[in-house]
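Okay, protein.txt now, which holds compact mmCIF, C-alpha atoms and all ligand atoms:
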```txt
# COMPACT_ATOMS: atom_id res chain seq x y z
CA MET D 1 0.00 0.00 0.00
CA GLY D 2 1.12 3.51 -0.75
CA SER D 3 1.05 6.11 2.00
CA ASP D 4 -2.31 7.39 0.78
CA GLY D 5 -3.85 3.91 0.92
CA ALA D 6 -3.70 3.27 -2.85
CA SER D 7 -2.04 0.12 -4.07
CA ASP D 8 1.39 0.41 -5.64
CA ARG D 9 0.79 -2.71 -7.68
CA VAL D 10 -2.47 -3.69 -9.24
CA LEU D 11 -3.23 -6.81 -11.23
CA VAL D 12 -6.06 -6.67 -13.76
CA LEU D 13 -7.14 -10.27 -14.15
CA ASN D 14 -9.21 -11.60 -17.04
CA PRO D 15 -10.68 -14.83 -15.63
CA VAL D 16 -12.00 -16.07 -18.98
CA SER D 17 -8.94 -15.66 -21.23
CA GLY D 18 -7.24 -18.76 -22.61
CA SER D 19 -8.75 -21.90 -21.17
CA GLY D 20 -9.78 -20.03 -18.01
CA ASP D 21 -7.85 -22.38 -15.71
CA HIS D 22 -5.23 -19.82 -14.64
CA VAL D 23 -7.28 -17.97 -12.05
CA ASP D 24 -6.33 -19.82 -8.83
CA GLU D 25 -2.64 -19.87 -9.64
CA VAL D 26 -2.55 -16.21 -10.69
CA VAL D 27 -4.47 -15.11 -7.59
CA GLU D 28 -2.06 -17.03 -5.35
CA LEU D 29 1.08 -15.72 -7.05
CA ALA D 30 -0.22 -12.16 -7.09
CA THR D 31 -1.42 -12.22 -3.49
CA ASP D 32 1.96 -13.55 -2.30
CA ARG D 33 3.62 -10.61 -3.99
CA GLY D 34 1.34 -7.94 -2.57
CA PHE D 35 -0.76 -7.14 -5.62
CA GLU D 36 -4.24 -5.78 -5.32
CA ILE D 37 -6.30 -7.94 -7.69
CA ARG D 38 -9.11 -6.52 -9.80
CA LYS D 39 -11.00 -9.08 -11.86
CA THR D 40 -12.88 -8.23 -15.02
CA GLU D 41 -16.55 -9.14 -15.01
CA GLU D 42 -17.40 -8.35 -18.60
CA SER D 43 -15.98 -7.17 -21.86
CA GLY D 44 -14.56 -3.64 -21.55
CA ASP D 45 -13.71 -3.91 -17.86
CA ALA D 46 -9.95 -4.30 -18.29
CA THR D 47 -9.52 -0.85 -19.82
CA ARG D 48 -11.66 0.78 -17.15
CA LEU D 49 -9.95 -1.03 -14.26
CA ALA D 50 -6.50 -0.09 -15.57
CA ARG D 51 -7.55 3.51 -16.13
CA GLU D 52 -8.82 3.74 -12.55
CA ALA D 53 -5.71 2.10 -11.10
CA ALA D 54 -3.01 3.83 -13.14
CA PRO D 55 -2.95 7.30 -11.57
CA GLU D 56 -1.95 5.80 -8.20
CA ALA D 57 -0.21 2.55 -9.08
CA ASP D 58 3.47 2.24 -9.93
CA LEU D 59 2.72 -0.92 -11.83
CA VAL D 60 -0.40 -2.34 -13.43
CA ALA D 61 -0.08 -5.94 -14.56
CA ALA D 62 -2.38 -7.57 -17.11
CA ALA D 63 -3.22 -11.26 -16.62
CA GLY D 64 -4.79 -12.56 -19.82
CA GLY D 65 -4.00 -12.79 -23.49
CA ASP D 66 -2.91 -10.15 -25.97
CA GLY D 67 -6.38 -8.58 -25.86
CA THR D 68 -6.11 -8.02 -22.11
CA ILE D 69 -2.65 -6.47 -22.44
CA ASN D 70 -4.05 -4.24 -25.15
CA ALA D 71 -6.96 -3.20 -22.93
CA VAL D 72 -4.74 -2.51 -19.91
CA THR D 73 -2.33 -0.43 -22.00
CA ASN D 74 -5.26 1.54 -23.39
CA GLY D 75 -6.46 2.13 -19.83
CA VAL D 76 -3.07 3.38 -18.66
CA ALA D 77 -2.87 5.63 -21.73
CA ALA D 78 -6.40 6.95 -21.10
CA ALA D 79 -5.36 7.87 -17.55
CA ASP D 80 -2.45 9.78 -19.07
CA ALA D 81 -0.16 7.68 -16.86
CA LEU D 82 2.22 6.10 -19.38
CA GLU D 83 5.08 8.21 -18.00
CA SER D 84 4.67 7.02 -14.43
CA THR D 85 3.10 3.55 -14.56
CA THR D 86 4.88 0.37 -15.65
CA VAL D 87 2.85 -2.37 -17.35
CA GLY D 88 3.52 -6.00 -16.38
CA VAL D 89 2.48 -8.97 -18.51
CA VAL D 90 1.15 -12.22 -17.03
CA PRO D 91 0.49 -14.60 -19.95
CA ALA D 92 -2.86 -16.30 -19.45
CA GLY D 93 -4.28 -16.18 -22.96
CA THR D 94 -4.42 -18.53 -25.89
CA GLY D 95 -1.57 -17.29 -28.07
CA ASN D 96 0.35 -14.98 -25.72
CA ASN D 97 2.30 -13.50 -28.61
CA PHE D 98 3.27 -10.30 -26.87
CA ALA D 99 4.48 -12.08 -23.73
CA ALA D 100 6.69 -14.38 -25.82
CA ASN D 101 8.10 -11.37 -27.67
CA ILE D 102 9.18 -9.68 -24.45
CA GLY D 103 10.68 -12.82 -22.93
CA VAL D 104 7.91 -13.76 -20.49
CA ARG D 105 7.53 -17.54 -20.47
CA GLY D 106 4.75 -18.44 -18.04
CA LEU D 107 2.70 -17.41 -15.02
CA GLU D 108 5.34 -17.80 -12.32
CA HIS D 109 8.07 -16.46 -14.57
CA ALA D 110 5.92 -13.39 -15.21
CA PHE D 111 5.92 -12.50 -11.51
CA ASP D 112 9.68 -13.14 -11.29
CA VAL D 113 10.16 -10.79 -14.23
CA ILE D 114 8.05 -8.10 -12.58
CA GLU D 115 10.09 -8.57 -9.40
CA ASP D 116 13.60 -8.86 -10.81
CA GLY D 117 13.46 -8.23 -14.53
CA ARG D 118 14.61 -5.30 -16.56
CA ARG D 119 12.39 -2.36 -17.39
CA ARG D 120 12.42 -1.09 -20.97
CA ARG D 121 10.58 1.76 -22.60
CA ILE D 122 9.06 0.48 -25.83
CA ASP D 123 7.14 2.04 -28.70
CA ILE D 124 3.39 1.77 -28.89
CA GLY D 125 1.27 1.91 -32.02
CA VAL D 126 -1.69 4.26 -32.17
CA ALA D 127 -4.49 3.39 -34.59
CA ASN D 128 -7.01 6.23 -34.83
CA ASP D 129 -7.51 6.87 -31.12
CA ARG D 130 -6.63 3.39 -29.88
CA VAL D 131 -3.33 1.94 -28.75
CA PHE D 132 -1.84 -1.40 -29.80
CA VAL D 133 1.32 -3.05 -28.57
CA ASN D 134 1.87 -6.03 -30.81
CA SER D 135 0.16 -5.69 -34.14
CA CYS D 136 -2.67 -4.29 -36.20
CA VAL D 137 -3.98 -6.47 -39.01
CA GLY D 138 -6.62 -5.92 -41.64
CA GLY D 139 -8.10 -8.38 -44.08
CA ILE D 140 -8.90 -12.00 -43.57
CA THR D 141 -6.34 -12.24 -40.80
CA ALA D 142 -8.51 -9.93 -38.74
CA ALA D 143 -11.40 -12.36 -38.93
CA ALA D 144 -9.13 -15.22 -37.95
CA SER D 145 -7.03 -13.36 -35.42
CA GLY D 146 -8.38 -15.28 -32.46
CA GLU D 147 -7.12 -18.57 -33.82
CA THR D 148 -3.97 -19.83 -32.19
CA SER D 149 -2.85 -22.03 -35.02
CA SER D 150 -2.63 -19.12 -37.40
CA GLU D 151 -0.88 -16.95 -34.85
CA SER D 152 1.82 -19.39 -33.92
CA LYS D 153 2.65 -20.16 -37.52
CA ALA D 154 3.38 -16.51 -38.16
CA GLU D 155 6.95 -17.31 -37.24
CA LEU D 156 7.25 -19.41 -40.37
CA GLY D 157 6.91 -16.36 -42.54
CA VAL D 158 4.23 -14.27 -44.05
CA LEU D 159 3.19 -16.70 -46.76
CA ALA D 160 2.85 -19.59 -44.37
CA TYR D 161 0.73 -17.29 -42.29
CA VAL D 162 -1.40 -16.31 -45.28
CA LYS D 163 -1.77 -19.90 -46.45
CA ASN D 164 -2.74 -21.10 -43.02
CA THR D 165 -5.28 -18.36 -42.60
CA ILE D 166 -6.83 -19.01 -46.00
CA GLU D 167 -7.16 -22.67 -45.15
CA MET D 168 -8.79 -21.79 -41.87
CA VAL D 169 -11.18 -19.18 -43.20
CA GLY D 170 -12.04 -21.13 -46.32
CA GLU D 171 -12.98 -18.11 -48.39
CA PHE D 172 -11.93 -14.50 -48.45
CA ASP D 173 -12.41 -11.17 -50.14
CA SER D 174 -9.53 -8.93 -51.00
CA LEU D 175 -9.60 -5.31 -49.92
CA PRO D 176 -9.31 -2.39 -52.32
CA LEU D 177 -6.96 -0.16 -50.34
CA ARG D 178 -4.74 2.84 -50.61
CA VAL D 179 -1.84 2.76 -48.17
CA THR D 180 0.28 5.87 -47.73
CA THR D 181 3.44 5.51 -45.67
CA ALA D 182 5.62 8.28 -44.34
CA THR D 183 9.29 7.68 -44.99
CA GLY D 184 10.73 10.22 -42.56
CA PRO D 185 10.21 10.73 -38.83
CA ASN D 186 8.16 13.85 -39.46
CA GLY D 187 6.03 12.32 -42.15
CA GLU D 188 7.95 13.76 -45.10
CA ARG D 189 8.26 12.06 -48.48
CA ALA D 190 5.13 9.95 -48.36
CA ARG D 191 4.94 6.84 -50.55
CA ALA D 192 1.67 5.34 -51.68
CA TRP D 193 0.56 1.86 -52.62
CA GLU D 194 -2.82 1.21 -54.14
CA GLY D 195 -4.38 -2.08 -55.10
CA GLU D 196 -6.23 -5.17 -53.97
CA ALA D 197 -4.80 -6.38 -50.69
CA LEU D 198 -5.41 -9.73 -49.17
CA PHE D 199 -3.87 -8.66 -45.89
CA VAL D 200 -2.33 -5.62 -44.44
CA LEU D 201 -0.15 -6.41 -41.43
CA ILE D 202 1.38 -3.76 -39.21
CA GLY D 203 3.80 -4.94 -36.58
CA ASN D 204 5.01 -2.91 -33.64
CA CYS D 205 6.49 -5.64 -31.45
CA ARG D 206 5.55 -8.40 -33.85
CA ARG D 207 6.93 -9.15 -37.30
CA PHE D 208 5.25 -11.07 -40.06
CA THR D 209 8.15 -11.60 -42.42
CA GLY D 210 10.20 -14.78 -42.48
CA ALA D 211 12.90 -13.44 -40.23
CA ARG D 212 14.61 -15.58 -37.60
CA THR D 213 12.57 -14.13 -34.82
CA ALA D 214 8.93 -13.18 -34.46
CA GLN D 215 9.86 -10.12 -32.42
CA ALA D 216 10.31 -6.84 -34.25
CA ASP D 217 12.52 -4.03 -32.98
CA VAL D 218 10.09 -2.31 -30.65
CA GLU D 219 12.41 0.51 -29.69
CA ASP D 220 13.10 1.89 -33.18
CA GLY D 221 10.11 4.22 -33.48
CA LEU D 222 8.97 2.39 -36.60
CA LEU D 223 6.11 0.15 -37.62
CA GLU D 224 6.80 -2.80 -39.93
CA VAL D 225 4.19 -2.84 -42.68
CA THR D 226 3.54 -5.87 -44.88
CA ILE D 227 0.94 -5.73 -47.63
CA VAL D 228 0.05 -9.02 -49.27
CA GLU D 229 -1.49 -8.45 -52.68
CA ASP D 230 -4.16 -10.90 -53.64
CA THR D 231 -2.08 -12.45 -56.42
CA ALA D 232 -0.09 -14.08 -53.63
CA ALA D 233 -3.19 -15.93 -52.58
CA MET D 234 -3.68 -17.21 -56.10
CA ASN D 235 -0.15 -18.56 -56.11
CA LEU D 236 -0.65 -20.18 -52.77
CA LEU D 237 -3.91 -21.78 -53.63
CA GLY D 238 -2.20 -23.22 -56.69
CA GLY D 239 0.41 -24.66 -54.36
CA ALA D 240 3.14 -22.37 -55.66
CA ALA D 241 4.59 -21.02 -52.43
CA ARG D 242 7.90 -19.96 -53.88
CA LYS D 243 10.72 -19.77 -51.43
CA GLY D 244 11.88 -16.24 -52.22
CA LEU D 245 8.52 -14.89 -51.19
CA PHE D 246 9.16 -15.62 -47.56
CA ASP D 247 11.54 -12.70 -47.29
CA GLY D 248 9.14 -10.25 -48.81
CA ASP D 249 11.19 -10.55 -52.00
CA SER D 250 8.24 -10.63 -54.30
CA ASP D 251 5.92 -8.66 -56.50
CA CYS D 252 2.97 -9.57 -54.37
CA ILE D 253 4.42 -8.63 -50.99
CA VAL D 254 5.18 -5.02 -50.24
CA THR D 255 7.15 -4.21 -47.10
CA ARG D 256 7.84 -0.84 -45.53
CA ARG D 257 9.19 0.47 -42.26
CA THR D 258 7.63 3.73 -41.30
CA PRO D 259 6.76 5.91 -38.31
CA ALA D 260 3.27 6.60 -39.68
CA LEU D 261 0.83 5.49 -42.33
CA GLU D 262 -2.74 5.87 -43.48
CA ILE D 263 -4.91 3.11 -44.87
CA GLU D 264 -7.96 4.15 -46.83
CA SER D 265 -10.57 1.70 -48.02
CA ARG D 266 -12.01 2.39 -51.44
CA GLU D 267 -15.01 0.18 -50.71
CA GLY D 268 -16.64 0.72 -47.33
CA ALA D 269 -15.44 -0.04 -43.82
CA VAL D 270 -12.71 -2.58 -43.15
CA GLU D 271 -12.32 -4.65 -40.02
CA TYR D 272 -8.97 -4.43 -38.27
CA SER D 273 -7.68 -6.39 -35.33
CA LEU D 274 -5.60 -4.46 -32.80
CA ASP D 275 -3.86 -7.16 -30.74
CA GLY D 276 -6.99 -9.24 -31.30
CA GLU D 277 -9.48 -6.47 -30.43
CA MET D 278 -11.64 -5.40 -33.36
CA LEU D 279 -11.99 -1.97 -34.93
CA GLU D 280 -14.06 -1.19 -38.02
CA THR D 281 -13.30 1.91 -40.05
CA GLU D 282 -12.92 3.26 -43.58
CA THR D 283 -9.79 5.24 -42.83
CA LEU D 284 -7.15 4.15 -40.38
CA HIS D 285 -4.35 6.46 -39.35
CA LEU D 286 -1.45 4.67 -37.68
CA GLU D 287 1.62 6.04 -36.00
CA THR D 288 4.18 5.10 -33.40
CA GLU D 289 4.77 6.82 -30.15
CA ALA D 290 8.40 6.04 -29.53
CA SER D 291 9.43 4.85 -26.06
CA ALA D 292 5.96 5.58 -24.71
CA LEU D 293 5.39 2.46 -22.61
CA GLU D 294 7.51 1.09 -19.78
CA ILE D 295 7.25 -2.67 -19.45
CA ALA D 296 8.92 -5.38 -17.40
CA VAL D 297 10.86 -7.67 -19.76
CA GLY D 298 12.47 -11.09 -19.35
CA ASP D 299 16.07 -12.09 -20.11
CA GLU D 300 15.18 -13.27 -23.59
CA TYR D 301 13.87 -9.90 -24.67
CA ARG D 302 16.09 -8.42 -27.39
CA ILE D 303 16.35 -4.71 -28.02
CA ASP D 304 17.52 -5.50 -31.55
CA PRO D 305 16.16 -8.94 -32.46
CA ASP D 306 18.43 -9.11 -35.52
CA ASP D 307 21.58 -8.76 -33.48
CA GLU D 308 23.40 -12.05 -34.21
CA GLU D 309 25.15 -12.11 -30.86
CA VAL D 310 22.00 -12.18 -28.86
CA THR D 311 19.40 -13.98 -30.97
CA ASN D 312 20.77 -17.33 -29.85
CA GLY D 313 20.18 -16.73 -26.19
CA GLY D 314 23.15 -14.45 -25.62
CA ILE D 315 25.74 -17.06 -26.55
CA VAL D 316 28.31 -15.53 -28.86
N1 LIG F 401 -14.99 -11.20 -17.41
C1 LIG F 401 -15.10 -11.27 -18.74
N2 LIG F 401 -16.15 -11.92 -19.32
C2 LIG F 401 -16.25 -12.02 -20.67
N3 LIG F 401 -15.34 -11.53 -21.53
C3 LIG F 401 -14.28 -10.88 -21.02
C4 LIG F 401 -14.11 -10.73 -19.62
N4 LIG F 401 -12.95 -10.05 -19.40
C5 LIG F 401 -12.43 -9.80 -20.62
N5 LIG F 401 -13.21 -10.28 -21.60
C6 LIG F 401 -12.95 -10.27 -23.04
O1 LIG F 401 -11.77 -11.05 -23.27
C7 LIG F 401 -11.13 -10.58 -24.46
C8 LIG F 401 -9.65 -10.62 -24.32
O2 LIG F 401 -9.18 -11.91 -24.28
P1 LIG F 401 -7.61 -12.14 -24.41
O3 LIG F 401 -7.16 -11.70 -25.76
O4 LIG F 401 -6.94 -11.52 -23.27
O5 LIG F 401 -7.50 -13.69 -24.27
P2 LIG F 401 -7.40 -14.83 -25.37
O6 LIG F 401 -8.21 -14.44 -26.56
O7 LIG F 401 -7.71 -16.10 -24.68
O8 LIG F 401 -5.84 -14.84 -25.70
P3 LIG F 401 -4.89 -14.40 -26.93
O9 LIG F 401 -5.35 -13.04 -27.39
O10 LIG F 401 -3.51 -14.36 -26.36
O11 LIG F 401 -5.03 -15.45 -27.97
C9 LIG F 401 -11.60 -9.17 -24.66
O12 LIG F 401 -12.20 -9.07 -25.94
C10 LIG F 401 -12.60 -8.91 -23.55
O13 LIG F 401 -13.73 -8.25 -24.04
```
The structure in this file should be written as structure tokens.
Amino acid sequence: MGSDGASDRVLVLNPVSGSGDHVDEVVELATDRGFEIRKTEESGDATRLAREAAPEADLVAAAGGDGTINAVTNGVAAADALESTTVGVVPAGTGNNFAANIGVRGLEHAFDVIEDGRRRRIDIGVANDRVFVNSCVGGITAAASGETSSESKAELGVLAYVKNTIEMVGEFDSLPLRVTTATGPNGERARAWEGEALFVLIGNCRRFTGARTAQADVEDGLLEVTIVEDTAAMNLLGGAARKGLFDGDSDCIVTRRTPALEIESREGAVEYSLDGEMLETETLHLETEASALEIAVGDEYRIDPDDEEVTNGGIV
């Protein structure tokens, strides 16, 4: 307890995330470590609970999946407390992509990390007026974003991800989009892409290309944009997943790194998934806020995931 009676550490617990069997263990671990526990009772509670807790708490932890982390971060941002409040991640969801990307391996490990781990200030993505930490995806991926199998295979590369999602969804419509990316930190020299997209994938902490690691550099002030044109789907459905495509080295995959972009639909509203939480809009403005969020990270978290010396667990 703080001197004014407010809790220094609050845990926002989603009791229905994942398979819902984490509650007893999380409550025990959190109680032992002096957390005040606030359980969600319905959809939307996590943001409100975090917003109420953040002005007083030094740390607000989110126990749930990526959607709960997203909600808690939005709550801390809404309280205007990102400067003063650290966010902790307790992975109790289905996919737990964000937790894996910041080196948090399980429930007990999460509390050890909060206790002893490093603190890093990472970028957040802002999509219209909402925050995301891991990724924002539009297209058929958005519809399938709750599915673990598709999520975990993202590490295999963008085409494996696309192929898997197509198989899961069964049918899809491509999106007529115009995507304008800023190439400089202040938005100068915009570049535009226009066409039929099967997916548009924007990674903050998460990358969709076939790189060695699924974690993107989340301290570089840039979003990693991957647009998959619908010709890629045709190739895939014909079984022609050519190897070169996995690196984005293809006519049908456009990749950009940018601090800001705008996606306009030329045919009505598009559904996007922000860390698994849905948003429907015709125009989406995305930008990074560099170093905006302080989080507790595990040993396996890499500032630069492409750094050869550290991608193999720190062994040179
Ligand atoms: N008490 C509750 N009852 C019903 N729904 C809830 C409750 N608390 C949160 N939710 C809903 O849970 C969703 C978030 O789930 P979350 O993403 O954390 O878990 P998951 O889907 O199991 O995991 P992952 O995203 O890692 O695959 C939100 O959309 C939110 O509306």
Could I get the residues of chain D with an atom no further than 9 Å from an atom of ligand LIG 401 (chain F), each paired with its nearest atom pair and that distance in Å to one decimal, using all atoms listed in the file, sorted by chain and residue number, as a tab-separated table?
```
residue	atom	partner	partner_atom	distance
D:Leu13	CA	F:LIG401	N4	7.8
D:Asn14	CA	F:LIG401	N4	4.7
D:Pro15	CA	F:LIG401	N1	5.9
D:Val16	CA	F:LIG401	C1	5.7
D:Ser17	CA	F:LIG401	O7	3.7
D:Gly18	CA	F:LIG401	O7	3.4
D:Ser19	CA	F:LIG401	O7	6.9
D:Gly20	CA	F:LIG401	O7	8.0
D:Lys39	CA	F:LIG401	N1	7.2
D:Thr40	CA	F:LIG401	N1	4.4
D:Glu41	CA	F:LIG401	N1	3.5
D:Glu42	CA	F:LIG401	C1	3.7
D:Ser43	CA	F:LIG401	O13	3.3
D:Gly44	CA	F:LIG401	O13	5.3
D:Asp45	CA	F:LIG401	N4	6.4
D:Ala46	CA	F:LIG401	C5	6.5
D:Ala62	CA	F:LIG401	O4	8.6
D:Ala63	CA	F:LIG401	O4	7.6
D:Gly64	CA	F:LIG401	O4	4.2
D:Gly65	CA	F:LIG401	O4	3.2
D:Asp66	CA	F:LIG401	O9	4.0
D:Gly67	CA	F:LIG401	O3	3.2
D:Thr68	CA	F:LIG401	O4	3.8
D:Ile69	CA	F:LIG401	O4	6.7
D:Asn70	CA	F:LIG401	O4	8.1
D:Ala71	CA	F:LIG401	C9	7.8
D:Pro91	CA	F:LIG401	O10	7.6
D:Ala92	CA	F:LIG401	O8	7.1
D:Gly93	CA	F:LIG401	O8	3.4
D:Thr94	CA	F:LIG401	O11	3.8
D:Gly95	CA	F:LIG401	O10	3.9
D:Asn96	CA	F:LIG401	O10	4.0
D:Asn97	CA	F:LIG401	O10	6.3
D:Phe98	CA	F:LIG401	O10	7.9
D:Ala99	CA	F:LIG401	O10	8.7
D:Ser145	CA	F:LIG401	O11	8.0
D:Gly146	CA	F:LIG401	O11	5.6
D:Glu147	CA	F:LIG401	O11	7.0
D:Thr148	CA	F:LIG401	O11	6.2
D:Glu151	CA	F:LIG401	O11	8.2
D:Asp275	CA	F:LIG401	O9	6.9
D:Gly276	CA	F:LIG401	O9	5.7
D:Glu277	CA	F:LIG401	O12	5.9
D:Met278	CA	F:LIG401	O12	8.3
```
In Å, how far is it from CA of Phe111 (chain D) to CA of Glu294 (chain D)? 16.0 Å
For region 97-133 of chain D versus region 79-89 of chain D, which residues have an atom no more than 10 Å away, and what is each residue's nearest atom pair and distance in Å rounded to one decimal, using only C-alpha atoms, chain-then-number order, as a Markdown table?
```
| residue | atom | partner | partner_atom | distance |
| --- | --- | --- | --- | --- |
| D:Phe98 | CA | D:Val89 | CA | 8.5 |
| D:Ala99 | CA | D:Val89 | CA | 6.4 |
| D:Ile102 | CA | D:Val89 | CA | 9.0 |
| D:Val104 | CA | D:Val89 | CA | 7.5 |
| D:Gly106 | CA | D:Val89 | CA | 9.7 |
| D:Leu107 | CA | D:Val89 | CA | 9.1 |
| D:Ala110 | CA | D:Val89 | CA | 6.5 |
| D:Phe111 | CA | D:Gly88 | CA | 8.5 |
| D:Val113 | CA | D:Gly88 | CA | 8.5 |
| D:Ile114 | CA | D:Gly88 | CA | 6.3 |
| D:Glu115 | CA | D:Gly88 | CA | 9.9 |
| D:Arg119 | CA | D:Thr86 | CA | 8.2 |
| D:Arg120 | CA | D:Thr86 | CA | 9.3 |
| D:Arg121 | CA | D:Thr86 | CA | 9.1 |
```
Padded axis-aligned box of region 64-82 of chain D (4 Å per side), centre and edge lengths, Å, one decimal, as JSON:
```
{"center_x": -2.4, "center_y": -1.5, "center_z": -21.4, "size_x": 17.2, "size_y": 30.6, "size_z": 17.1}
```
In the coordinate frame of the file, compute which residues have an atom within 8 Å of (-5.5, -4.5, -14.8) when using only C-alpha atoms, and state them as an mmCIF file with C-alpha atoms, in the frame of the given file.
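Output file out37.cif is given in full below:
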```cif
data_model
loop_
_atom_site.group_PDB
_atom_site.id
_atom_site.type_symbol
_atom_site.label_atom_id
_atom_site.label_comp_id
_atom_site.auth_asym_id
_atom_site.auth_seq_id
_atom_site.Cartn_x
_atom_site.Cartn_y
_atom_site.Cartn_z
ATOM 1 C CA VAL D 10 -2.470 -3.690 -9.240
ATOM 2 C CA LEU D 11 -3.230 -6.810 -11.230
ATOM 3 C CA VAL D 12 -6.060 -6.670 -13.760
ATOM 4 C CA LEU D 13 -7.140 -10.270 -14.150
ATOM 5 C CA ILE D 37 -6.300 -7.940 -7.690
ATOM 6 C CA ARG D 38 -9.110 -6.520 -9.800
ATOM 7 C CA LYS D 39 -11.000 -9.080 -11.860
ATOM 8 C CA ALA D 46 -9.950 -4.300 -18.290
ATOM 9 C CA THR D 47 -9.520 -0.850 -19.820
ATOM 10 C CA LEU D 49 -9.950 -1.030 -14.260
ATOM 11 C CA ALA D 50 -6.500 -0.090 -15.570
ATOM 12 C CA ALA D 53 -5.710 2.100 -11.100
ATOM 13 C CA VAL D 60 -0.400 -2.340 -13.430
ATOM 14 C CA ALA D 61 -0.080 -5.940 -14.560
ATOM 15 C CA ALA D 62 -2.380 -7.570 -17.110
ATOM 16 C CA ALA D 63 -3.220 -11.260 -16.620
ATOM 17 C CA VAL D 72 -4.740 -2.510 -19.910
#
```
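Across D:Ala214, D:Cys136, D:Leu222, D:Cys205, the tightest approach to Glu280 (chain D) is made by D:Cys136 when counting all atoms listed in the file.
Interatomic distance, CA of Asp304 (chain D) against CA of Asp220 (chain D): 8.8 Å.
Proximity ranking of D:Glu196, D:Asp112, D:Asp8, D:Asp307 relative to Ser265 (chain D) places D:Glu196 first, based on only C-alpha atoms.
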Mind giving me the straight-line distance from CA of Leu284 (chain D) to CA of Asp129 (chain D) in Å, one decimal? 9.7 Å
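Take the candidates D:Thr180, D:Thr255, D:Thr31, D:Asn101 and check each one against Ala296 (chain D) using all atoms listed in the file; the shortest distance goes to D:Asn101.
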Can you rebuild region 190-201 of chain D with N, CA and C atoms and give it as a short mmCIF file (atom, residue, chain, number, x, y, z; two decimals), keeping the file's coordinate frame?
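Output below, filename selection-v8.cif:
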```
data_model
loop_
_atom_site.label_atom_id
_atom_site.label_comp_id
_atom_site.auth_asym_id
_atom_site.auth_seq_id
_atom_site.Cartn_x
_atom_site.Cartn_y
_atom_site.Cartn_z
N ALA D 190 6.08 11.05 -48.44
CA ALA D 190 5.13 9.95 -48.36
C ALA D 190 5.20 9.07 -49.61
N ARG D 191 5.03 7.77 -49.41
CA ARG D 191 4.94 6.84 -50.55
C ARG D 191 3.57 6.17 -50.49
N ALA D 192 3.01 5.92 -51.65
CA ALA D 192 1.67 5.34 -51.68
C ALA D 192 1.67 4.00 -52.40
N TRP D 193 0.83 3.13 -51.95
CA TRP D 193 0.56 1.86 -52.62
C TRP D 193 -0.95 1.77 -52.79
N GLU D 194 -1.39 1.34 -53.93
CA GLU D 194 -2.82 1.21 -54.14
C GLU D 194 -3.10 -0.09 -54.88
N GLY D 195 -4.07 -0.83 -54.41
CA GLY D 195 -4.38 -2.08 -55.10
C GLY D 195 -5.32 -2.94 -54.27
N GLU D 196 -5.38 -4.20 -54.67
CA GLU D 196 -6.23 -5.17 -53.97
C GLU D 196 -5.34 -5.90 -52.97
N ALA D 197 -5.62 -5.73 -51.71
CA ALA D 197 -4.80 -6.38 -50.69
C ALA D 197 -5.56 -7.55 -50.09
N LEU D 198 -4.82 -8.60 -49.88
CA LEU D 198 -5.41 -9.73 -49.17
C LEU D 198 -5.30 -9.49 -47.66
N PHE D 199 -4.13 -9.00 -47.29
CA PHE D 199 -3.87 -8.66 -45.89
C PHE D 199 -3.09 -7.36 -45.85
N VAL D 200 -3.29 -6.65 -44.77
CA VAL D 200 -2.33 -5.62 -44.44
C VAL D 200 -1.95 -5.86 -42.98
N LEU D 201 -0.66 -6.00 -42.75
CA LEU D 201 -0.15 -6.41 -41.43
C LEU D 201 0.80 -5.33 -40.92
#
```
